[in-house]
Amino acid sequence: MKPLGVVTRGTTNPNRLRRVDNWIVETCGDALRAAADPLVVDLGYGATPITAVELRARLAAGVRADVRVVGLEIDPVRVAAAQPAADPPGLTFARGGFELAGLRPALVRAFNVLRQYDEGEVAAVWRTVTERLAPGGLLVEGTCDELGRLGSWVLLDAAGPQTLTLAAKLTTLESPAQLAERLPKALIHRNVPGEPIHDLLRALESAWQSAAGYAPFGPRQRWLETVKSLKQDWPVLTRPRRLRHGELTVPWPTIAPT
Ligand SMILES: C[S@@+](CC[C@H](N)C(=O)[O-])C[C@H]1O[C@@H](n2cnc3c(N)ncnc32)[C@H](O)[C@@H]1O
């Protein structure tokens with residue numbers, strides 16, 4: 001089976017994906033607990049396998065101890081380099097692309113992979129991956145900065161995209177407008193007037209500015225107030241426990257590109 005896709009830059013960092021991993025544990029945990037086979041694919045793990053190692057550890061501790069993570073990389077050199085980190089059966093590495101090397105996982109995390117593809121390729125990639133999921137399976141596809149302080153991701157199932165989540169480390173966040181640079185590929189070129197994602201980011205920024213009076217109580221209080229005010233006009237799905245982590249989740253149809 002020829003891997004689908006192309007080799008791209010392998011930039012990665014320890015702990016870079018902790019925000020999305022913690023969100024996955026909480027939001028996708030039930031689906032993974034219910035899965036007949038707790039198989040998870042980390043698609044495009046990069047120059048070192050560290051974020052796959054961390055994903056396995058977080059899922060094993062927070063969801064189920066028998067989780068099996070397979071790191072798939074399209075670059076054979078990176079697959080060979082990752083082998084010393086393998087710990088079968090819980091963590092293995094193999095060559096593969098969007099076809100998932102024939103696997104039928106319950107969950108796929110694909111982070112900072114589509115960034116280097118064209119926007120026009122995203123829908124087909126989403127379909128290729130979601131068609132291969134196990135029944136009830138989920139895909140989490142997104143982007144973050146090098147240290148994982150700003151990120152965003154789309155949750156998809158077999159029916160297509162379901163939600164968009166924006167996430168920021170609140171202690172270093174200057175303004176939610178910074179999230180614009182870290183939107184998923186499907187949205188990053190759509191942050192222009194007339195597009196719903198542009199409206200959302202403007203509304204978020206405006207709510208953040210209006211909540212400036214809460215800054216002395218700390219960025220978390222300011223964020224809680226920001227989201228409270230945003231909720232007047234936007235359907236916010238963020239779980240109460242995730243709000244304090246600087247997250248905002250909205251239904252995909254509210255920000256889908258026109
Ligand atoms: C920027 S790195 C991301 C590493 C890690 N996921 C992270 O977020 O830190 C992107 C990796 O995805 C790989 N990649 C690109 N297209 C792929 C595909 N279709 N299937 C598997 N891996 C792919 C590249 O070879 C590269 O190593």
# chains A, B, ... in the order shown; residues from 1 in each chain; ligands from 1
call {"tool": "residues_around", "arguments": {"residues": "Glu141 (chain A)", "least_positions_apart": "4", "cutoff": "8 Å", "atoms": "only C-alpha atoms", "output": "list in words"}}
result
Arg109, Ala110, Phe111, Trp153, Val154, Leu155, Leu156 and Pro184 of chain A
call {"tool": "write_last_selection", "arguments": {"atoms": "N, CA and C atoms", "output": "PDB file, in the first residue's frame"}}
result
ATOM      1  N   ARG A 109      -5.134  11.333  15.839  1.00  0.00           N
ATOM      2  CA  ARG A 109      -4.692  12.711  16.080  1.00  0.00           C
ATOM      3  C   ARG A 109      -3.717  13.066  14.964  1.00  0.00           C
ATOM      4  N   ALA A 110      -4.037  14.123  14.193  1.00  0.00           N
ATOM      5  CA  ALA A 110      -3.146  14.579  13.117  1.00  0.00           C
ATOM      6  C   ALA A 110      -2.839  16.040  13.397  1.00  0.00           C
ATOM      7  N   PHE A 111      -1.668  16.304  13.947  1.00  0.00           N
ATOM      8  CA  PHE A 111      -1.375  17.678  14.352  1.00  0.00           C
ATOM      9  C   PHE A 111      -0.194  18.253  13.589  1.00  0.00           C
ATOM     10  N   TRP A 153      -8.145  23.114  16.807  1.00  0.00           N
ATOM     11  CA  TRP A 153      -8.341  21.819  16.165  1.00  0.00           C
ATOM     12  C   TRP A 153      -9.802  21.577  15.851  1.00  0.00           C
ATOM     13  N   VAL A 154      -9.994  20.705  14.866  1.00  0.00           N
ATOM     14  CA  VAL A 154     -11.324  20.317  14.417  1.00  0.00           C
ATOM     15  C   VAL A 154     -11.551  18.875  14.873  1.00  0.00           C
ATOM     16  N   LEU A 155     -12.726  18.616  15.419  1.00  0.00           N
ATOM     17  CA  LEU A 155     -13.116  17.241  15.759  1.00  0.00           C
ATOM     18  C   LEU A 155     -14.038  16.755  14.650  1.00  0.00           C
ATOM     19  N   LEU A 156     -13.701  15.597  14.075  1.00  0.00           N
ATOM     20  CA  LEU A 156     -14.515  15.032  12.995  1.00  0.00           C
ATOM     21  C   LEU A 156     -14.924  13.612  13.338  1.00  0.00           C
ATOM     22  N   PRO A 184      -6.659  25.915  11.990  1.00  0.00           N
ATOM     23  CA  PRO A 184      -6.453  24.754  11.120  1.00  0.00           C
ATOM     24  C   PRO A 184      -6.442  25.178   9.656  1.00  0.00           C
TER      25      PRO A 184
END
call {"tool": "residues_near_ligand", "arguments": {"ligand": "ligand 1", "cutoff": "9 Å", "atoms": "only C-alpha atoms and all ligand atoms", "output": "PyMOL selection string"}}
result
chain A and resi 3-17+42-52+71-76+78+95-100+109-117+125+142-146+148
call {"tool": "select_by_dssp", "arguments": {"residues": "region 21-234 of chain A", "states": "helix (DSSP H, G or I)", "output": "ChimeraX atom specification"}}
result
/A:21-27,29-34,50-62,76-85,100-102,114-116,119-130,170-172,176-182,185-188,196-217,219-230
call {"tool": "residues_around", "arguments": {"residues": "Ala186 (chain A)", "least_positions_apart": "3", "cutoff": "9 Å", "atoms": "only C-alpha atoms", "output": "PyMOL selection string"}}
result
chain A and resi 114+119-120+122-123+183+189-190+256-257
call {"tool": "residues_around", "arguments": {"residues": "region 175-182 of chain A", "least_positions_apart": "4", "cutoff": "7 Å", "atoms": "only C-alpha atoms", "output": "PyMOL selection string"}}
result
chain A and resi 143-145+150-152+188+201+204-205
call {"tool": "write_last_selection", "arguments": {"atoms": "N, CA and C atoms", "output": "mmCIF file, in the first residue's frame"}}
result
data_model
loop_
_atom_site.group_PDB
_atom_site.id
_atom_site.type_symbol
_atom_site.label_atom_id
_atom_site.label_comp_id
_atom_site.auth_asym_id
_atom_site.auth_seq_id
_atom_site.Cartn_x
_atom_site.Cartn_y
_atom_site.Cartn_z
ATOM 1 N N THR A 143 -3.625 22.432 14.547
ATOM 2 C CA THR A 143 -2.371 23.166 14.407
ATOM 3 C C THR A 143 -2.036 23.824 15.740
ATOM 4 N N CYS A 144 -0.744 24.026 15.998
ATOM 5 C CA CYS A 144 -0.367 24.825 17.177
ATOM 6 C C CYS A 144 0.976 25.497 16.918
ATOM 7 N N ASP A 145 1.367 26.376 17.844
ATOM 8 C CA ASP A 145 2.678 27.005 17.689
ATOM 9 C C ASP A 145 3.759 26.054 18.216
ATOM 10 N N LEU A 150 -0.501 28.247 21.741
ATOM 11 C CA LEU A 150 -1.674 28.646 20.959
ATOM 12 C C LEU A 150 -1.989 27.497 20.019
ATOM 13 N N GLY A 151 -3.244 27.109 19.959
ATOM 14 C CA GLY A 151 -3.583 26.015 19.048
ATOM 15 C C GLY A 151 -5.051 26.004 18.717
ATOM 16 N N SER A 152 -5.400 25.188 17.752
ATOM 17 C CA SER A 152 -6.808 25.025 17.396
ATOM 18 C C SER A 152 -6.960 23.694 16.685
ATOM 19 N N ILE A 188 -7.527 28.847 8.062
ATOM 20 C CA ILE A 188 -6.512 29.901 8.236
ATOM 21 C C ILE A 188 -6.571 30.955 7.124
ATOM 22 N N LEU A 201 -13.614 35.455 15.554
ATOM 23 C CA LEU A 201 -12.386 36.001 16.146
ATOM 24 C C LEU A 201 -12.560 37.466 16.534
ATOM 25 N N LEU A 204 -14.616 37.477 19.709
ATOM 26 C CA LEU A 204 -13.800 37.025 20.838
ATOM 27 C C LEU A 204 -12.864 38.144 21.301
ATOM 28 N N GLU A 205 -12.260 38.809 20.345
ATOM 29 C CA GLU A 205 -11.346 39.907 20.665
ATOM 30 C C GLU A 205 -12.098 41.049 21.368
#
call {"tool": "residues_around", "arguments": {"residues": "Trp252 (chain A)", "least_positions_apart": "5", "cutoff": "6 Å", "atoms": "only C-alpha atoms", "output": "number ranges by chain"}}
result
A: 162-164
call {"tool": "residues_around", "arguments": {"residues": "region 172-174 of chain A", "least_positions_apart": "6", "cutoff": "10 Å", "atoms": "only C-alpha atoms", "output": "list of chain:residue names"}}
result
A:Arg149, A:Leu150, A:Trp208, A:Pro219, A:Gly246
call {"tool": "closest_residue", "arguments": {"among": "A:Asn22, A:Pro193, A:Cys28, A:Lys185", "to": "Glu121 (chain A)", "atoms": "only C-alpha atoms"}}
result
A:Lys185
call {"tool": "residues_around", "arguments": {"residues": "Ala203 (chain A)", "least_positions_apart": "6", "cutoff": "12 Å", "atoms": "only C-alpha atoms", "output": "JSON list (two decimals) with C-alpha atoms, in the first residue's frame"}}
result
[["chain", "number", "residue", "atom", "x", "y", "z"],
["A", 176, "PRO", "CA", -7.22, 36.13, 21.31],
["A", 177, "ALA", "CA", -6.43, 37.71, 17.92],
["A", 196, "PRO", "CA", -17.83, 33.32, 9.90],
["A", 197, "ILE", "CA", -14.44, 32.50, 11.45],
["A", 209, "GLN", "CA", -11.22, 43.87, 25.46],
["A", 210, "SER", "CA", -14.52, 44.45, 27.25],
["A", 226, "THR", "CA", -14.86, 36.83, 27.88],
["A", 227, "VAL", "CA", -16.55, 33.51, 27.10],
["A", 228, "LYS", "CA", -19.56, 34.40, 29.25],
["A", 229, "SER", "CA", -20.12, 37.50, 27.19],
["A", 230, "LEU", "CA", -19.43, 35.69, 23.89],
["A", 231, "LYS", "CA", -22.14, 33.19, 24.79],
["A", 232, "GLN", "CA", -24.76, 35.88, 24.32],
["A", 233, "ASP", "CA", -24.27, 35.64, 20.55],
["A", 234, "TRP", "CA", -22.42, 32.37, 19.91]]
call {"tool": "atom_distance", "arguments": {"atom1": "CA of Ala57 (chain A)", "atom2": "CA of Val79 (chain A)"}}
result
19.5 Å
call {"tool": "select_by_dssp", "arguments": {"residues": "region 44-183 of chain A", "states": "strand (DSSP E or B)", "output": "JSON, numbers by chain"}}
result
{"A": [68, 69, 70, 71, 72, 73, 87, 91, 92, 93, 94, 95, 107, 108, 109, 110, 111, 138, 139, 140, 141, 142, 143, 144, 150, 151, 152, 153, 154, 155, 156, 157, 160, 161, 162, 163, 164, 165, 166, 167, 168]}
